[in-house]
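Next comes coords.cif, a file with mmCIF, C-alpha atoms.
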data_data
loop_
_atom_site.label_atom_id
_atom_site.label_comp_id
_atom_site.auth_asym_id
_atom_site.auth_seq_id
_atom_site.Cartn_x
_atom_site.Cartn_y
_atom_site.Cartn_z
CA MET D 10 36.99 -42.01 -6.50
CA THR D 11 34.15 -41.39 -4.05
CA ASP D 12 30.65 -41.43 -5.50
CA LEU D 13 29.15 -38.38 -3.78
CA SER D 14 25.67 -39.16 -5.09
CA LYS D 15 25.39 -41.96 -2.51
CA PHE D 16 25.74 -39.39 0.27
CA SER D 17 24.38 -36.10 -1.10
CA VAL D 18 20.81 -35.30 -0.14
CA SER D 19 18.62 -33.36 -2.57
CA SER D 20 18.39 -29.73 -1.49
CA LYS D 21 14.81 -29.57 -2.77
CA SER D 22 13.90 -32.57 -0.61
CA ILE D 23 15.36 -30.85 2.44
CA LEU D 24 13.51 -27.62 1.72
CA ASN D 25 10.27 -29.50 1.07
CA THR D 26 10.74 -31.07 4.49
CA PHE D 27 11.18 -27.61 6.03
CA GLU D 28 7.89 -26.61 4.46
CA LYS D 29 6.10 -29.68 5.82
CA CYS D 30 7.46 -28.81 9.26
CA ASN D 31 6.07 -25.26 8.97
CA ILE D 32 9.46 -23.60 9.24
CA THR D 33 8.82 -19.85 8.94
CA HIS D 34 12.36 -18.44 8.92
CA VAL D 35 15.90 -19.56 8.17
CA THR D 36 18.65 -17.62 9.95
CA THR D 37 22.00 -18.34 8.41
CA VAL D 38 25.63 -17.76 7.71
CA PRO D 39 26.74 -19.53 4.51
CA ASP D 40 27.88 -23.15 4.68
CA TYR D 41 30.15 -24.53 1.98
CA ALA D 42 28.45 -27.93 2.13
CA GLN D 43 24.90 -26.56 1.87
CA LEU D 44 25.49 -24.03 -0.92
CA SER D 45 22.92 -25.64 -3.23
CA LEU D 46 20.28 -25.42 -0.53
CA GLN D 47 21.14 -21.85 0.37
CA ILE D 48 21.07 -20.69 -3.23
CA LYS D 49 17.62 -22.22 -3.65
CA LEU D 50 16.49 -20.40 -0.54
CA GLU D 51 17.83 -17.11 -1.87
CA GLU D 52 16.06 -17.77 -5.19
CA GLY D 53 12.77 -18.07 -3.29
CA TYR D 54 12.18 -21.82 -3.51
CA LEU D 55 10.16 -21.51 -0.31
CA PRO D 56 8.22 -18.28 -0.87
CA ASN D 57 6.70 -18.34 2.60
CA THR D 58 10.00 -18.83 4.40
CA ARG D 59 12.05 -15.71 5.03
CA VAL D 60 15.82 -16.00 4.96
CA ILE D 61 17.73 -13.78 7.38
CA ARG D 62 21.39 -13.44 6.41
CA CYS D 63 23.62 -12.87 9.39
CA SER D 64 27.20 -11.67 9.54
CA ALA D 65 28.13 -14.21 12.26
CA GLU D 66 26.57 -17.35 13.68
CA ASP D 67 25.97 -15.75 17.11
CA GLN D 68 23.44 -13.50 15.44
CA ALA D 69 21.78 -16.41 13.64
CA ILE D 70 21.31 -18.13 17.02
CA GLU D 71 20.05 -15.01 18.79
CA CYS D 72 17.74 -13.95 15.99
CA ALA D 73 16.22 -17.45 15.93
CA ALA D 74 15.53 -17.09 19.65
CA GLY D 75 13.85 -13.72 19.08
CA LEU D 76 11.74 -15.14 16.27
CA TRP D 77 10.57 -17.95 18.55
CA ILE D 78 9.68 -15.42 21.27
CA GLY D 79 7.62 -13.62 18.64
CA GLY D 80 5.74 -16.80 17.75
CA LYS D 81 7.70 -18.07 14.73
CA LYS D 82 9.39 -21.40 13.97
CA PRO D 83 12.94 -20.81 12.71
CA ILE D 84 15.83 -23.10 11.79
CA VAL D 85 19.51 -22.09 11.84
CA ILE D 86 21.85 -23.11 9.01
CA MET D 87 25.61 -22.87 9.55
CA GLN D 88 28.79 -24.84 9.05
CA ASN D 89 30.81 -26.63 11.70
CA GLN D 90 33.28 -23.73 12.08
CA GLY D 91 30.33 -21.45 12.80
CA PHE D 92 29.06 -23.87 15.42
CA TYR D 93 32.41 -23.78 17.19
CA ALA D 94 32.44 -19.98 16.97
CA SER D 95 28.95 -19.56 18.43
CA ILE D 96 29.06 -21.97 21.35
CA ASN D 97 28.60 -19.25 23.98
CA SER D 98 25.42 -18.01 22.29
CA ILE D 99 24.14 -21.58 22.03
CA ARG D 100 25.01 -22.10 25.69
CA ALA D 101 23.18 -18.92 26.76
CA VAL D 102 20.11 -19.13 24.55
CA GLY D 103 19.64 -22.85 24.06
CA ILE D 104 21.16 -24.55 27.07
CA ASP D 105 20.81 -22.15 30.01
CA ALA D 106 17.71 -20.24 28.88
CA LYS D 107 16.20 -23.43 27.40
CA LEU D 108 14.78 -21.76 24.30
CA PRO D 109 14.27 -24.12 21.34
CA LEU D 110 16.96 -24.08 18.65
CA VAL D 111 17.39 -26.30 15.60
CA LEU D 112 20.87 -26.17 14.11
CA MET D 113 21.54 -27.62 10.68
CA ILE D 114 25.31 -27.92 10.53
CA GLY D 115 27.37 -28.62 7.44
CA PRO D 116 30.61 -30.63 7.48
CA TRP D 117 33.09 -28.07 6.21
CA GLY D 118 36.37 -29.86 5.47
CA ARG D 119 35.16 -33.48 5.68
CA GLU D 120 37.48 -35.66 3.64
CA PHE D 121 35.60 -37.73 1.07
CA SER D 122 37.29 -40.87 2.36
CA ASN D 123 35.43 -40.39 5.65
CA LEU D 124 32.00 -40.49 3.99
CA GLY D 125 30.16 -43.67 4.97
CA GLN D 126 32.04 -43.79 8.28
CA SER D 127 31.54 -42.05 11.58
CA MET D 128 32.67 -38.43 11.63
CA ARG D 129 34.48 -39.33 14.85
CA GLN D 130 36.90 -41.37 12.71
CA SER D 131 37.83 -38.43 10.52
CA ASN D 132 41.50 -37.48 10.42
CA ARG D 133 40.50 -33.83 10.69
CA LYS D 134 39.70 -32.24 14.04
CA VAL D 135 37.19 -29.85 12.49
CA ILE D 136 35.15 -32.98 11.68
CA SER D 137 36.04 -35.48 14.39
CA MET D 138 35.37 -33.18 17.34
CA LEU D 139 31.86 -32.17 16.24
CA GLU D 140 29.92 -35.09 17.73
CA PRO D 141 31.98 -35.16 20.95
CA MET D 142 31.31 -31.43 21.30
CA MET D 143 27.58 -32.14 21.00
CA ASP D 144 27.95 -34.74 23.75
CA VAL D 145 29.77 -32.28 26.01
CA LEU D 146 27.06 -29.68 25.55
CA GLY D 147 24.25 -32.21 25.94
CA ILE D 148 22.84 -31.41 22.51
CA ARG D 149 20.84 -34.23 20.94
CA TYR D 150 21.86 -34.64 17.31
CA TRP D 151 20.87 -36.59 14.25
CA ASN D 152 23.07 -37.52 11.27
CA LEU D 153 21.87 -36.81 7.74
CA GLU D 154 24.26 -39.07 5.85
CA SER D 155 22.08 -39.93 2.84
CA SER D 156 18.58 -39.49 1.42
CA LYS D 157 17.41 -42.38 3.58
CA ASP D 158 17.91 -40.14 6.61
CA LEU D 159 15.54 -37.33 5.54
CA GLY D 160 13.18 -38.33 8.34
CA VAL D 161 15.64 -37.07 10.94
CA ILE D 162 14.84 -33.48 9.98
CA PRO D 163 11.23 -33.46 11.25
CA GLU D 164 12.34 -35.53 14.23
CA ALA D 165 14.95 -32.95 15.25
CA ILE D 166 12.57 -30.05 14.65
CA ASP D 167 9.69 -31.63 16.56
CA TYR D 168 11.92 -32.54 19.49
CA ALA D 169 13.39 -29.04 19.74
CA PHE D 170 10.07 -27.21 19.74
CA SER D 171 8.08 -29.71 21.83
CA GLU D 172 10.77 -30.12 24.50
CA SER D 173 12.27 -26.61 24.29
CA LYS D 174 15.74 -28.00 23.62
CA THR D 175 18.63 -27.38 21.28
CA THR D 176 18.92 -30.03 18.58
CA ALA D 177 21.34 -30.45 15.70
CA ILE D 178 21.10 -32.07 12.29
CA LEU D 179 24.62 -32.95 11.18
CA VAL D 180 24.71 -32.86 7.39
CA GLY D 181 27.12 -35.53 6.14
CA ALA D 182 27.99 -34.43 2.60
CA TYR D 183 27.44 -31.57 0.18
CA THR D 184 23.73 -31.15 -0.42
CA ALA D 185 22.82 -32.03 -4.02
CA TRP D 186 21.85 -29.39 -6.56
CA ASN D 187 18.56 -31.10 -7.47
CA MET G 21 25.71 -3.43 32.81
CA SER G 22 24.18 -0.36 34.45
CA THR G 23 21.13 -0.56 32.20
CA MET G 24 20.62 -4.21 33.07
CA LYS G 25 20.58 -3.39 36.78
CA VAL G 26 18.63 -0.17 36.68
CA PHE G 27 15.98 -0.62 34.03
CA PRO G 28 13.90 -3.35 35.71
CA THR G 29 13.78 -1.12 38.81
CA ILE G 30 12.86 2.22 37.27
CA ALA G 31 10.62 0.84 34.53
CA PRO G 32 9.42 -2.66 35.50
CA ASP G 33 7.69 -4.13 32.51
CA ALA G 34 6.49 -7.63 31.67
CA TYR G 35 7.73 -7.15 28.10
CA PHE G 36 11.36 -7.12 29.20
CA VAL G 37 13.88 -9.78 28.09
CA SER G 38 17.43 -9.61 29.46
CA SER G 39 20.24 -10.77 27.21
CA VAL G 40 22.15 -12.28 30.13
CA PRO G 41 24.57 -13.80 30.47
CA LEU G 42 25.14 -13.01 26.82
CA MET G 43 26.84 -9.68 26.15
CA GLY G 44 26.29 -8.63 22.57
CA GLY G 45 23.14 -10.66 21.98
CA ALA G 46 20.46 -8.07 22.68
CA GLY G 47 20.39 -6.53 19.21
CA SER G 48 19.89 -9.80 17.38
CA ILE G 49 17.33 -11.17 19.84
CA GLY G 50 15.40 -7.92 19.53
CA MET G 51 15.70 -8.07 15.76
CA GLY G 52 14.11 -11.53 15.77
CA ILE G 53 11.20 -10.33 17.88
CA ALA G 54 10.78 -7.25 15.70
CA ILE G 55 10.65 -9.35 12.52
CA ALA G 56 8.17 -11.76 14.09
CA ARG G 57 5.95 -8.97 15.44
CA PRO G 58 5.97 -6.03 13.03
CA ASP G 59 2.91 -4.64 14.82
CA LYS G 60 4.94 -3.93 17.98
CA GLN G 61 7.75 -1.43 18.43
CA ILE G 62 10.80 -3.23 19.82
CA TRP G 63 13.41 -1.30 21.78
CA VAL G 64 16.85 -2.75 22.38
CA LEU G 65 18.80 -1.22 25.27
CA ASP G 66 22.41 -2.00 24.50
CA GLY G 67 25.79 -1.11 25.95
CA ASP G 68 28.91 0.00 24.12
CA ALA G 69 31.01 -2.90 25.46
CA SER G 70 28.24 -5.32 24.49
CA LEU G 71 27.83 -3.96 20.99
CA LEU G 72 31.58 -4.18 20.42
CA MET G 73 31.31 -7.94 21.01
CA GLU G 74 28.95 -8.31 18.04
CA LEU G 75 29.65 -5.24 15.96
CA GLY G 76 28.62 -7.16 12.85
CA SER G 77 25.09 -7.27 14.22
CA LEU G 78 24.68 -3.66 13.06
CA VAL G 79 24.99 -4.90 9.47
CA THR G 80 22.74 -7.89 10.08
CA ILE G 81 20.04 -5.67 11.59
CA ALA G 82 20.31 -3.05 8.84
CA GLU G 83 20.08 -5.81 6.22
CA ALA G 84 16.94 -7.31 7.80
CA ALA G 85 15.62 -3.74 8.19
CA PRO G 86 12.81 -4.15 10.72
CA GLN G 87 10.99 -0.81 10.63
CA ASN G 88 9.71 -1.29 14.18
CA PHE G 89 13.19 -1.59 15.70
CA VAL G 90 14.80 1.05 17.92
CA HIS G 91 18.39 0.43 19.05
CA ILE G 92 19.44 2.57 22.00
CA LEU G 93 23.12 2.40 22.93
CA PHE G 94 24.11 3.53 26.40
CA ASN G 95 27.67 4.64 25.85
CA ASN G 96 29.58 4.86 29.13
CA GLN G 97 32.99 3.96 27.66
CA VAL G 98 33.74 1.28 30.25
CA GLN G 99 33.48 -2.46 30.69
CA TYR G 100 31.73 -3.87 33.77
CA GLY G 101 30.19 -0.46 34.27
CA GLY G 102 29.18 0.19 37.84
CA THR G 103 31.04 -2.84 39.11
CA ALA G 104 34.65 -2.26 38.09
CA ASN G 105 34.62 0.38 35.32
CA LEU G 106 37.49 -1.08 33.35
CA ASP G 107 38.68 0.90 30.34
CA LEU G 108 36.95 -0.07 27.11
CA PRO G 109 38.98 -0.55 23.92
CA GLY G 110 38.40 2.51 21.80
CA GLY G 111 36.61 4.25 24.66
CA GLY G 112 35.61 7.73 23.62
CA ARG G 113 36.95 7.45 20.08
CA VAL G 114 34.48 5.08 18.45
CA ASP G 115 31.67 6.81 16.56
CA PHE G 116 28.89 4.25 16.85
CA SER G 117 26.20 6.34 15.18
CA SER G 118 28.39 6.76 12.08
CA MET G 119 28.97 3.01 12.14
CA ALA G 120 25.22 2.43 12.27
CA ILE G 121 24.69 4.73 9.27
CA SER G 122 27.49 2.98 7.39
CA ALA G 123 25.93 -0.38 8.22
CA GLY G 124 22.67 0.79 6.68
CA TYR G 125 20.49 2.11 9.51
CA PRO G 126 18.39 4.85 7.91
CA ILE G 127 18.48 6.98 11.07
CA ALA G 128 21.22 7.28 13.69
CA ARG G 129 21.81 10.09 16.18
CA LYS G 130 24.37 10.96 18.81
CA ILE G 131 22.52 12.08 21.94
CA LYS G 132 24.35 14.23 24.47
CA SER G 133 21.62 15.42 26.82
CA SER G 134 18.41 14.16 28.39
CA HIS G 135 16.56 16.95 26.58
CA GLU G 136 17.80 15.69 23.19
CA LEU G 137 16.87 12.15 24.14
CA LEU G 138 13.33 13.03 25.16
CA GLU G 139 12.84 15.13 22.05
CA PHE G 140 13.99 12.30 19.80
CA ILE G 141 11.93 9.67 21.59
CA SER G 142 8.81 11.78 21.16
CA SER G 143 9.41 11.76 17.40
CA LEU G 144 9.95 8.01 17.13
CA LYS G 145 6.46 7.07 16.01
CA SER G 146 6.79 9.17 12.87
CA ASN G 147 10.07 7.53 11.82
CA LYS G 148 10.68 4.15 10.26
CA GLY G 149 13.54 2.06 11.59
CA PRO G 150 15.80 0.52 12.25
CA ILE G 151 16.74 3.57 14.31
CA PHE G 152 19.95 3.92 16.30
CA LEU G 153 20.59 6.26 19.22
CA ASP G 154 24.05 6.61 20.73
CA VAL G 155 23.45 8.06 24.18
CA ASP G 156 26.36 9.45 26.19
CA VAL G 157 26.05 8.44 29.86
CA GLU G 158 28.29 8.60 32.90
CA PRO G 159 29.22 5.21 34.36
CA ASP G 160 27.94 4.48 37.84
CA ALA G 161 30.55 4.50 40.58
CA SER G 162 32.56 1.30 40.74
CA TYR G 163 31.12 -1.06 43.34
CA TYR G 164 33.83 -3.66 43.85
CA ASP G 165 37.25 -3.13 45.41
CA GLU G 166 39.58 -4.88 47.81
CA ASN G 167 37.12 -4.37 50.64
CA THR G 168 34.11 -5.45 48.60
CA PRO G 169 35.06 -8.46 46.47
CA GLN G 170 32.86 -9.93 43.78
CA LYS G 171 29.81 -11.93 44.86
CA GLU G 172 28.91 -15.39 43.70
CA ILE G 173 26.87 -15.57 40.50
CA PHE G 174 23.54 -17.15 41.39
CA ASP G 175 21.59 -19.65 39.26
CA HIS G 176 18.95 -17.04 38.51
CA GLN G 177 21.48 -15.11 36.42
CA LEU G 178 21.70 -18.11 34.08
CA HIS G 179 17.97 -18.78 33.86
CA ARG G 180 16.36 -15.34 33.86
CA MET G 181 16.59 -14.84 30.10
CA GLY G 182 14.63 -18.03 29.54
CA GLU G 183 11.99 -17.14 32.13
CA GLU G 184 11.56 -13.66 30.70
CA ALA G 185 11.51 -14.93 27.11
CA ARG G 186 8.76 -17.46 27.87
CA ARG G 187 6.75 -14.78 29.66
CA VAL G 188 7.04 -12.35 26.73
CA LYS G 189 6.21 -15.12 24.26
CA GLU G 190 3.06 -15.98 26.21
CA ILE G 191 1.97 -12.34 26.33
CA LEU G 192 2.58 -11.88 22.61
CA THR G 193 0.76 -15.12 21.79
CA ASN G 194 -2.32 -13.69 23.50
CA ILE G 195 -2.16 -10.49 21.45
CA PRO G 196 -3.26 -11.24 17.87
CA LEU G 197 -1.01 -9.83 15.16
CA SER G 198 -2.48 -6.50 14.07
CA ASP G 199 -1.85 -4.49 10.91
#
Here is a file; write its structure as structure tokens.
Amino acid sequence: MTDLSKFSVSSKSILNTFEKCNITHVTTVPDYAQLSLQIKLEEGYLPNTRVIRCSAEDQAIECAAGLWIGGKKPIVIMQNQGFYASINSIRAVGIDAKLPLVLMIGPWGREFSNLGQSMRQSNRKVISMLEPMMDVLGIRYWNLESSKDLGVIPEAIDYAFSESKTTAILVGAYTAWN
Amino acid sequence: MSTMKVFPTIAPDAYFVSSVPLMGGAGSIGMGIAIARPDKQIWVLDGDASLLMELGSLVTIAEAAPQNFVHILFNNQVQYGGTANLDLPGGGRVDFSSMAISAGYPIARKIKSSHELLEFISSLKSNKGPIFLDVDVEPDASYYDENTPQKEIFDHQLHRMGEEARRVKEILTNIPLSD
């Protein structure tokens, strides 16, 4: 049986990192893998960070762009299916218009037996095609596969806003409830 | 489509951001700006074909409830208005202002004349948004046909949103947030 605790990253640690990075807004459509994090956000764990619930990922992308135009520093939380669904908005806003976007993408459907290995080796397309899709789109991404990787969050955020690029943080496992 | 072509000509304004090429994105981009800058009134000029592509954005906007947000829908009941005027699904039957009310907009109106439009716009400052106006318009005459085929899409069409967004961001950065 897979020991998820080796792979799950504390949701509080992730949110504390958002705070250190001065994230002002989270635009989101729920992600099965990041439920613990999203519930903490809804409960007001970060009182100075506003959560904007969107009915589809396109809107989360576009709203994040508008927030940046208005001087804010947003992050987008979604799951892999939402990423696939919103590629044209990412293409328009992030790639062609070159507005900064940080996407934190959960691994909906990742088989536990794939944890600890590359997502590319997953038996499930919804998982295995995520990194190749990033490569096709030219999106720089970082893997958050365990607590040791928490440093990739500020790296992805800093790169997106300093270089005006789209970046992605690929969450490896369910975020932990602590 | 008609709005996108005409507005920069009749009302050139440095505060203008085009949601192109991204049909359906204007409402949510405008919502983001409105949330970030509650001291400014943000107008979104949308099209019926565009809004249909992201109909759920009505709910998202109503949920976020930016009071400084005015959503003006130019309803010409066609797709590629002014270029090909293809029939729009649901053209003429969809009641967008009722949809906006159902989604949670506190104010939504169907506008059928320029007089009604001007009268409503003059009252905007006294109302809190998000506000939705569904404005009936005639589509421009179709431009393309067998003798006038489509032109190449130039690079500028892909980059203009970014250029305009950076310009608006710079302007807003230089205007301190006021109460």
Selection under test: the PyMOL selection byres ((chain D and resi 53-59) around 12); residues as an NGL selection string | (:D and (20-37 or 45-52 or 60-62 or 73 or 76 or 81-85 or 187)) or (:G and (52 or 55-56 or 84))
Would you mind listing, for every residue of chain D within 7 Å of chain G, the two atoms forming the shortest contact and the distance between them in Å to one decimal, using all atoms listed in the file, sorted by chain and ascending residue number, as a Markdown table?
| residue | atom | partner | partner_atom | distance |
| --- | --- | --- | --- | --- |
| D:Ile61 | CA | G:Ala84 | CA | 6.5 |
| D:Arg62 | CA | G:Thr80 | CA | 6.8 |
| D:Cys63 | CA | G:Thr80 | CA | 5.1 |
| D:Ser64 | CA | G:Gly76 | CA | 5.8 |
| D:Gln68 | CA | G:Ser48 | CA | 5.5 |
| D:Glu71 | CA | G:Ile49 | CA | 4.8 |
| D:Cys72 | CA | G:Gly52 | CA | 4.4 |
| D:Ala73 | CA | G:Gly52 | CA | 6.3 |
| D:Ala74 | CA | G:Ile49 | CA | 6.2 |
| D:Gly75 | CA | G:Gly52 | CA | 4.0 |
| D:Leu76 | CA | G:Gly52 | CA | 4.3 |
| D:Ile78 | CA | G:Lys189 | CA | 4.6 |
| D:Gly79 | CA | G:Ile53 | CA | 4.9 |
| D:Gly80 | CA | G:Thr193 | CA | 6.6 |
| D:Lys81 | CA | G:Ala56 | CA | 6.4 |
| D:Ser98 | CA | G:Leu42 | CA | 6.8 |
| D:Ala101 | CA | G:Leu42 | CA | 6.2 |
| D:Asp105 | CA | G:Leu178 | CA | 5.8 |
| D:Ala106 | CA | G:Gly182 | CA | 3.8 |
| D:Lys107 | CA | G:Gly182 | CA | 6.0 |
| D:Leu108 | CA | G:Gly182 | CA | 6.4 |
Surrounding residues of Asn132 (chain D) excluding itself and chain neighbours under 2 positions, 12 Å, only C-alpha atoms, as a ChimeraX atom specification = /D:118-124,126-130,134-138
Determine the residue set returned by the PyMOL selection byres ((chain G and resi 128-140) around 10) for the present structure, and present it as a ChimeraX atom specification.
-> /G:90-95,115-122,124-127,141-145,149-157
Using the chain letters and numbers from the file, which residues does the PyMOL selection byres ((chain D and resi 91-95) around 8) grab, as a PDB file with C-alpha atoms, in the coordinates of the input?
ATOM      1  CA  VAL D  38      25.630 -17.760   7.710  1.00  0.00           C
ATOM      2  CA  ALA D  65      28.130 -14.210  12.260  1.00  0.00           C
ATOM      3  CA  GLU D  66      26.570 -17.350  13.680  1.00  0.00           C
ATOM      4  CA  ASP D  67      25.970 -15.750  17.110  1.00  0.00           C
ATOM      5  CA  ILE D  70      21.310 -18.130  17.020  1.00  0.00           C
ATOM      6  CA  MET D  87      25.610 -22.870   9.550  1.00  0.00           C
ATOM      7  CA  GLN D  88      28.790 -24.840   9.050  1.00  0.00           C
ATOM      8  CA  ASN D  89      30.810 -26.630  11.700  1.00  0.00           C
ATOM      9  CA  GLN D  90      33.280 -23.730  12.080  1.00  0.00           C
ATOM     10  CA  ILE D  96      29.060 -21.970  21.350  1.00  0.00           C
ATOM     11  CA  ASN D  97      28.600 -19.250  23.980  1.00  0.00           C
ATOM     12  CA  SER D  98      25.420 -18.010  22.290  1.00  0.00           C
ATOM     13  CA  ILE D  99      24.140 -21.580  22.030  1.00  0.00           C
ATOM     14  CA  ILE D 114      25.310 -27.920  10.530  1.00  0.00           C
TER      15      ILE D 114
END
Figure out the distance between CA of Ile173 (chain G) and CA of Val111 (chain D), please, to one decimal in Å.
->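 So the answer is 28.7 Å.
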For CA of Ser171 (chain D) and CA of Gly147 (chain D), quote the distance in Å rounded to one decimal.
->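 Answer for the CA of Ser171 (chain D) to CA of Gly147 (chain D) separation: 16.9 Å.
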How far is it from CA of Thr176 (chain D) to CA of Ile62 (chain G), in Å with one decimal?
->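 Pair CA of Thr176 (chain D) / CA of Ile62 (chain G) returns 28.0 Å.
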With 8 Å of padding per side, what axis-aligned box (centre and edge lengths, Å, one decimal) covers all the listed atoms of region 55-69 of chain D? Give it as JSON.
{"center_x": 17.4, "center_y": -16.6, "center_z": 8.1, "size_x": 37.4, "size_y": 25.8, "size_z": 34.0}
Applying 9 Å and only C-alpha atoms, which residues near Ser173 (chain D) remain after dropping the ones on its own chain fewer than 3 positions away? List them as an mmCIF file with C-alpha atoms, keeping the file's coordinate frame.
data_model
loop_
_atom_site.group_PDB
_atom_site.id
_atom_site.type_symbol
_atom_site.label_atom_id
_atom_site.label_comp_id
_atom_site.auth_asym_id
_atom_site.auth_seq_id
_atom_site.Cartn_x
_atom_site.Cartn_y
_atom_site.Cartn_z
ATOM 1 C CA GLY D 103 19.640 -22.850 24.060
ATOM 2 C CA LYS D 107 16.200 -23.430 27.400
ATOM 3 C CA LEU D 108 14.780 -21.760 24.300
ATOM 4 C CA PRO D 109 14.270 -24.120 21.340
ATOM 5 C CA LEU D 110 16.960 -24.080 18.650
ATOM 6 C CA TYR D 168 11.920 -32.540 19.490
ATOM 7 C CA ALA D 169 13.390 -29.040 19.740
ATOM 8 C CA PHE D 170 10.070 -27.210 19.740
#
Missing atoms of region 170-176 of chain D rebuilt to all heavy atoms, written as a PDB file, in the frame of the given file:
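selection_37.pdb, freshly written:
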ATOM      1  N   PHE D 170      11.168 -28.124  19.398  1.00  0.00           N
ATOM      2  CA  PHE D 170      10.070 -27.210  19.740  1.00  0.00           C
ATOM      3  C   PHE D 170       9.108 -27.807  20.775  1.00  0.00           C
ATOM      4  O   PHE D 170       8.498 -27.066  21.539  1.00  0.00           O
ATOM      5  CB  PHE D 170       9.325 -26.779  18.472  1.00  0.00           C
ATOM      6  CG  PHE D 170      10.139 -25.802  17.659  1.00  0.00           C
ATOM      7  CD1 PHE D 170      10.839 -26.217  16.538  1.00  0.00           C
ATOM      8  CD2 PHE D 170      10.245 -24.475  18.039  1.00  0.00           C
ATOM      9  CE1 PHE D 170      11.620 -25.331  15.801  1.00  0.00           C
ATOM     10  CE2 PHE D 170      11.024 -23.577  17.317  1.00  0.00           C
ATOM     11  CZ  PHE D 170      11.709 -24.000  16.199  1.00  0.00           C
ATOM     12  N   SER D 171       8.987 -29.135  20.822  1.00  0.00           N
ATOM     13  CA  SER D 171       8.080 -29.710  21.830  1.00  0.00           C
ATOM     14  C   SER D 171       8.760 -29.782  23.197  1.00  0.00           C
ATOM     15  O   SER D 171       8.108 -29.626  24.220  1.00  0.00           O
ATOM     16  CB  SER D 171       7.596 -31.091  21.390  1.00  0.00           C
ATOM     17  OG  SER D 171       8.686 -31.980  21.301  1.00  0.00           O
ATOM     18  N   GLU D 172      10.069 -29.976  23.212  1.00  0.00           N
ATOM     19  CA  GLU D 172      10.770 -30.120  24.500  1.00  0.00           C
ATOM     20  C   GLU D 172      11.544 -28.870  24.895  1.00  0.00           C
ATOM     21  O   GLU D 172      12.166 -28.835  25.955  1.00  0.00           O
ATOM     22  CB  GLU D 172      11.764 -31.299  24.413  1.00  0.00           C
ATOM     23  CG  GLU D 172      11.128 -32.646  24.064  1.00  0.00           C
ATOM     24  CD  GLU D 172      10.138 -33.111  25.124  1.00  0.00           C
ATOM     25  OE1 GLU D 172      10.429 -32.924  26.311  1.00  0.00           O
ATOM     26  OE2 GLU D 172       9.078 -33.633  24.740  1.00  0.00           O
ATOM     27  N   SER D 173      11.514 -27.841  24.046  1.00  0.00           N
ATOM     28  CA  SER D 173      12.270 -26.610  24.290  1.00  0.00           C
ATOM     29  C   SER D 173      13.754 -26.926  24.525  1.00  0.00           C
ATOM     30  O   SER D 173      14.345 -26.579  25.556  1.00  0.00           O
ATOM     31  CB  SER D 173      11.676 -25.843  25.473  1.00  0.00           C
ATOM     32  OG  SER D 173      11.742 -24.455  25.228  1.00  0.00           O
ATOM     33  N   LYS D 174      14.335 -27.578  23.539  1.00  0.00           N
ATOM     34  CA  LYS D 174      15.740 -28.000  23.620  1.00  0.00           C
ATOM     35  C   LYS D 174      16.494 -27.504  22.379  1.00  0.00           C
ATOM     36  O   LYS D 174      15.885 -27.147  21.374  1.00  0.00           O
ATOM     37  CB  LYS D 174      15.837 -29.531  23.613  1.00  0.00           C
ATOM     38  CG  LYS D 174      15.168 -30.216  24.777  1.00  0.00           C
ATOM     39  CD  LYS D 174      16.105 -30.344  25.942  1.00  0.00           C
ATOM     40  CE  LYS D 174      15.539 -31.301  26.988  1.00  0.00           C
ATOM     41  NZ  LYS D 174      16.344 -31.331  28.195  1.00  0.00           N
ATOM     42  N   THR D 175      17.797 -27.580  22.470  1.00  0.00           N
ATOM     43  CA  THR D 175      18.630 -27.380  21.280  1.00  0.00           C
ATOM     44  C   THR D 175      18.843 -28.735  20.623  1.00  0.00           C
ATOM     45  O   THR D 175      19.184 -29.708  21.306  1.00  0.00           O
ATOM     46  CB  THR D 175      19.992 -26.790  21.664  1.00  0.00           C
ATOM     47  OG1 THR D 175      19.783 -25.525  22.288  1.00  0.00           O
ATOM     48  CG2 THR D 175      20.876 -26.608  20.439  1.00  0.00           C
ATOM     49  N   THR D 176      18.624 -28.807  19.323  1.00  0.00           N
ATOM     50  CA  THR D 176      18.920 -30.030  18.580  1.00  0.00           C
ATOM     51  C   THR D 176      19.799 -29.670  17.386  1.00  0.00           C
ATOM     52  O   THR D 176      19.842 -28.509  16.954  1.00  0.00           O
ATOM     53  CB  THR D 176      17.653 -30.736  18.066  1.00  0.00           C
ATOM     54  OG1 THR D 176      16.968 -29.870  17.146  1.00  0.00           O
ATOM     55  CG2 THR D 176      16.724 -31.115  19.199  1.00  0.00           C
TER      56      THR D 176
END
